[in-house]
Amino acid sequence: TDGQPITVIAMHGWLDNSASFTPMLEHLMQQSSTPSMQVYALDFAGHGHSFHRPQGVFYTIWDYAIDVVQFIKAKGLTKVVLLGHSMGACVAPLVASMLPNEVQGICAIEALGPVTTDIQETPRQLQKAIVRQTQQQQRSSKIFTSPKAALAARLGSKMSLQEHAARLLVERNLAPVDDGYAWRSDRRVTLPSPMRFSEDQVGAVLANLQMPVVLVVGNDLQTSAKLAKRAALVSQLQWLRLDGDHHLHMENQVSVCAQALVELSAKCINKEA
């Protein structure tokens, strides 16, 4: 790498936090062959230890992207590789569109571009957001009696997650309160966005990407026609199909995902040489 560290911006999934990348980073630190890397694993707004948006404000996918752009600019970073899992991989193409000269490559795990809604569904999406916001304001926040109870709740969620991976995420997202423990994350991140991109808009973003993209998918997404259609729009895309669940980068495919990041970063460095 000629002594120049590779700068990686790691972006986690919805309701996760930066601990999502702890297994991959620990693996890389143990490898003598790992090139010099500077990694910023971010907590998105409303997640982990990051700030909560002002009252009355929704969390939107484009605001997450703008936050990352502002971080890159504040740090004065000029050459970065984006690593995104799930929601982070939804955000990554937006960041790359805003900073096409700075973003040298994208490693997208289990997603590629934002969730979309048909244009005809726009009125219903607006209504759903406001109804859900009102309902949430009338409910109190969940309090857990112990960290063990919080871990059990996370393991019982719809998204399957092995215990060691769930423990990492829960430990970073748990805060002691008067009556026990509560999530640090802002519960408003669970509200639907009032507006979403259309599939055509996301397609335009993906078709405009001029950097190498590695798309890592586990078992469920390998047969997704919608994802395949999106991937076909990206001129420099490489598929990496692996055996595993949604959090495979924390579970059984840590080393493979880490190696994919290393190889992508090396390709970006060599491109600049």
# chains A, B, ... in the order shown; residues from 1 in each chain; ligands from 1
>>> residues_around(residues="A:Phe58", least_positions_apart="4", cutoff="8 Å", atoms="only C-alpha atoms", output="MDAnalysis selection string")
chainID A and resid 53 188:189 191 193:194
>>> closest_atom_pairs(of="stretch 15-94 of chain A", to="stretch 155-178 of chain A", cutoff="12 Å", atoms="only C-alpha atoms", output="tab-separated table")
residue	atom	partner	partner_atom	distance
A:Leu15	CA	A:Leu169	CA	9.0
A:Asp16	CA	A:Leu169	CA	6.2
A:Asn17	CA	A:Leu169	CA	6.3
A:Ser18	CA	A:Leu169	CA	8.0
A:Ala19	CA	A:Leu169	CA	5.6
A:Ser20	CA	A:Leu169	CA	6.5
A:Phe21	CA	A:Leu168	CA	9.6
A:Thr22	CA	A:Leu168	CA	8.0
A:Pro23	CA	A:Ala165	CA	8.5
A:Met24	CA	A:Ala165	CA	11.5
A:Asp43	CA	A:Arg172	CA	10.1
A:Gly46	CA	A:Asn173	CA	10.5
A:His47	CA	A:Asn173	CA	7.5
A:Gly48	CA	A:Asn173	CA	4.9
A:His49	CA	A:Asn173	CA	7.2
A:Ser50	CA	A:Asn173	CA	10.2
A:Ser86	CA	A:Met159	CA	11.6
>>> write_last_selection(atoms="C-alpha atoms", output="PDB file, in the first residue's frame")
ATOM      1  CA  LEU A  15     -31.395  -0.912  14.853  1.00  0.00           C
ATOM      2  CA  ASP A  16     -27.775  -2.143  14.984  1.00  0.00           C
ATOM      3  CA  ASN A  17     -24.717  -0.028  15.808  1.00  0.00           C
ATOM      4  CA  SER A  18     -21.003   0.182  15.077  1.00  0.00           C
ATOM      5  CA  ALA A  19     -20.333  -3.022  17.058  1.00  0.00           C
ATOM      6  CA  SER A  20     -21.711  -4.756  13.953  1.00  0.00           C
ATOM      7  CA  PHE A  21     -18.167  -4.578  12.550  1.00  0.00           C
ATOM      8  CA  THR A  22     -16.256  -5.656  15.682  1.00  0.00           C
ATOM      9  CA  PRO A  23     -15.795  -9.283  14.509  1.00  0.00           C
ATOM     10  CA  MET A  24     -14.486  -8.226  11.080  1.00  0.00           C
ATOM     11  CA  ASP A  43     -23.122   4.906  14.823  1.00  0.00           C
ATOM     12  CA  GLY A  46     -30.409   7.701  16.706  1.00  0.00           C
ATOM     13  CA  HIS A  47     -28.353   4.494  17.039  1.00  0.00           C
ATOM     14  CA  GLY A  48     -25.735   3.366  19.526  1.00  0.00           C
ATOM     15  CA  HIS A  49     -23.955   6.309  21.159  1.00  0.00           C
ATOM     16  CA  SER A  50     -24.874   8.911  18.511  1.00  0.00           C
ATOM     17  CA  SER A  86     -28.129  -3.772   5.443  1.00  0.00           C
TER      18      SER A  86
END
>>> select_by_dssp(residues="stretch 53-260 of chain A", states="alpha helix (DSSP H)", output="PyMOL selection string")
chain A and resi 61-74+87-98+122-137+147-155+163-173+199-207+225-231+254-260
>>> closest_atom_pairs(of="stretch 103-187 of chain A", to="stretch 255-271 of chain A", cutoff="9 Å", atoms="only C-alpha atoms", output="tab-separated table")
residue	atom	partner	partner_atom	distance
A:Gln104	CA	A:Cys268	CA	5.9
A:Gly105	CA	A:Cys268	CA	6.6
A:Ile106	CA	A:Leu264	CA	8.0
A:Cys107	CA	A:Leu261	CA	6.4
A:Ile109	CA	A:Cys257	CA	8.5
>>> closest_atom_pairs(of="stretch 119-230 of chain A", to="stretch 61-69 of chain A", cutoff="10 Å", atoms="only C-alpha atoms", output="CSV")
residue,atom,partner,partner_atom,distance
A:Ser193,CA,A:Ile61,CA,8.3
A:Met195,CA,A:Ile61,CA,9.7
A:Arg196,CA,A:Ile61,CA,8.3
A:Phe197,CA,A:Ile61,CA,9.2
>>> residues_around(residues="A:Asn219", least_positions_apart="5", cutoff="8 Å", atoms="only C-alpha atoms", output="list in words")
Arg241, Leu242, Asp243, Gly244 and Asp245 of chain A
>>> select_by_dssp(residues="stretch 25-210 of chain A", states="strand (DSSP E)", output="PyMOL selection string")
chain A and resi 37-42+80-85+103-109+174-177+180-183
>>> write_last_selection(atoms="N, CA and C atoms", output="tab-separated table (two decimals), in the first residue's frame")
chain	number	residue	atom	x	y	z
A	37	MET	N	-4.85	0.13	7.46
A	37	MET	CA	-6.22	0.61	7.27
A	37	MET	C	-6.60	1.59	8.36
A	38	GLN	N	-7.29	2.62	7.96
A	38	GLN	CA	-7.89	3.56	8.91
A	38	GLN	C	-9.39	3.35	8.80
A	39	VAL	N	-10.01	2.86	9.88
A	39	VAL	CA	-11.43	2.51	9.82
A	39	VAL	C	-12.23	3.38	10.78
A	40	TYR	N	-13.27	3.98	10.26
A	40	TYR	CA	-14.24	4.71	11.08
A	40	TYR	C	-15.54	3.91	11.06
A	41	ALA	N	-15.86	3.24	12.15
A	41	ALA	CA	-17.13	2.52	12.27
A	41	ALA	C	-18.11	3.47	12.96
A	42	LEU	N	-19.09	3.92	12.22
A	42	LEU	CA	-20.00	4.96	12.70
A	42	LEU	C	-21.24	4.39	13.37
A	80	VAL	N	-11.95	7.28	0.06
A	80	VAL	CA	-12.54	6.38	1.04
A	80	VAL	C	-13.20	5.18	0.35
A	81	VAL	N	-13.25	4.09	1.09
A	81	VAL	CA	-14.03	2.91	0.70
A	81	VAL	C	-15.19	2.80	1.68
A	82	LEU	N	-16.38	2.60	1.17
A	82	LEU	CA	-17.57	2.47	2.01
A	82	LEU	C	-17.87	1.00	2.26
A	83	LEU	N	-18.05	0.65	3.53
A	83	LEU	CA	-18.46	-0.69	3.93
A	83	LEU	C	-19.82	-0.56	4.59
A	84	GLY	N	-20.84	-1.19	4.02
A	84	GLY	CA	-22.18	-1.06	4.56
A	84	GLY	C	-22.86	-2.40	4.72
A	85	HIS	N	-23.54	-2.57	5.85
A	85	HIS	CA	-24.37	-3.76	6.05
A	85	HIS	C	-25.83	-3.34	6.13
A	103	VAL	N	-15.30	8.73	-3.01
A	103	VAL	CA	-15.62	7.31	-2.78
A	103	VAL	C	-14.99	6.46	-3.87
A	104	GLN	N	-14.06	5.61	-3.47
A	104	GLN	CA	-13.29	4.80	-4.42
A	104	GLN	C	-13.88	3.41	-4.64
A	105	GLY	N	-14.70	2.95	-3.68
A	105	GLY	CA	-15.28	1.61	-3.80
A	105	GLY	C	-16.33	1.39	-2.73
A	106	ILE	N	-17.19	0.40	-2.95
A	106	ILE	CA	-18.26	0.08	-2.01
A	106	ILE	C	-18.28	-1.43	-1.78
A	107	CYS	N	-18.27	-1.83	-0.51
A	107	CYS	CA	-18.52	-3.21	-0.13
A	107	CYS	C	-19.89	-3.25	0.54
A	108	ALA	N	-20.88	-3.75	-0.19
A	108	ALA	CA	-22.28	-3.73	0.26
A	108	ALA	C	-22.68	-5.13	0.70
A	109	ILE	N	-23.09	-5.26	1.95
A	109	ILE	CA	-23.47	-6.56	2.50
A	109	ILE	C	-24.98	-6.60	2.73
A	174	LEU	N	-27.14	-0.47	25.19
A	174	LEU	CA	-27.87	-0.52	26.45
A	174	LEU	C	-27.35	0.54	27.42
A	175	ALA	N	-28.26	1.24	28.06
A	175	ALA	CA	-27.89	2.28	29.04
A	175	ALA	C	-28.65	2.05	30.34
A	176	PRO	N	-27.99	2.20	31.50
A	176	PRO	CA	-28.69	2.08	32.77
A	176	PRO	C	-29.61	3.28	33.00
A	177	VAL	N	-30.81	3.00	33.48
A	177	VAL	CA	-31.76	4.07	33.86
A	177	VAL	C	-32.28	3.76	35.26
A	180	GLY	N	-33.97	0.29	35.62
A	180	GLY	CA	-33.35	-0.88	35.00
A	180	GLY	C	-32.44	-0.48	33.86
A	181	TYR	N	-32.78	-0.96	32.65
A	181	TYR	CA	-31.96	-0.68	31.46
A	181	TYR	C	-32.87	-0.32	30.29
A	182	ALA	N	-32.38	0.58	29.45
A	182	ALA	CA	-33.14	0.99	28.27
A	182	ALA	C	-32.22	1.06	27.06
A	183	TRP	N	-32.81	0.96	25.89
A	183	TRP	CA	-32.02	1.11	24.67
A	183	TRP	C	-31.52	2.55	24.54
>>> atom_distance(atom1="atom CA of A:Val217", atom2="atom CA of A:Glu26")
21.3 Å
>>> atom_distance(atom1="atom CA of A:Thr117", atom2="atom CA of A:Val213")
24.2 Å
>>> atom_distance(atom1="atom CA of A:His27", atom2="atom CA of A:Ala150")
26.8 Å
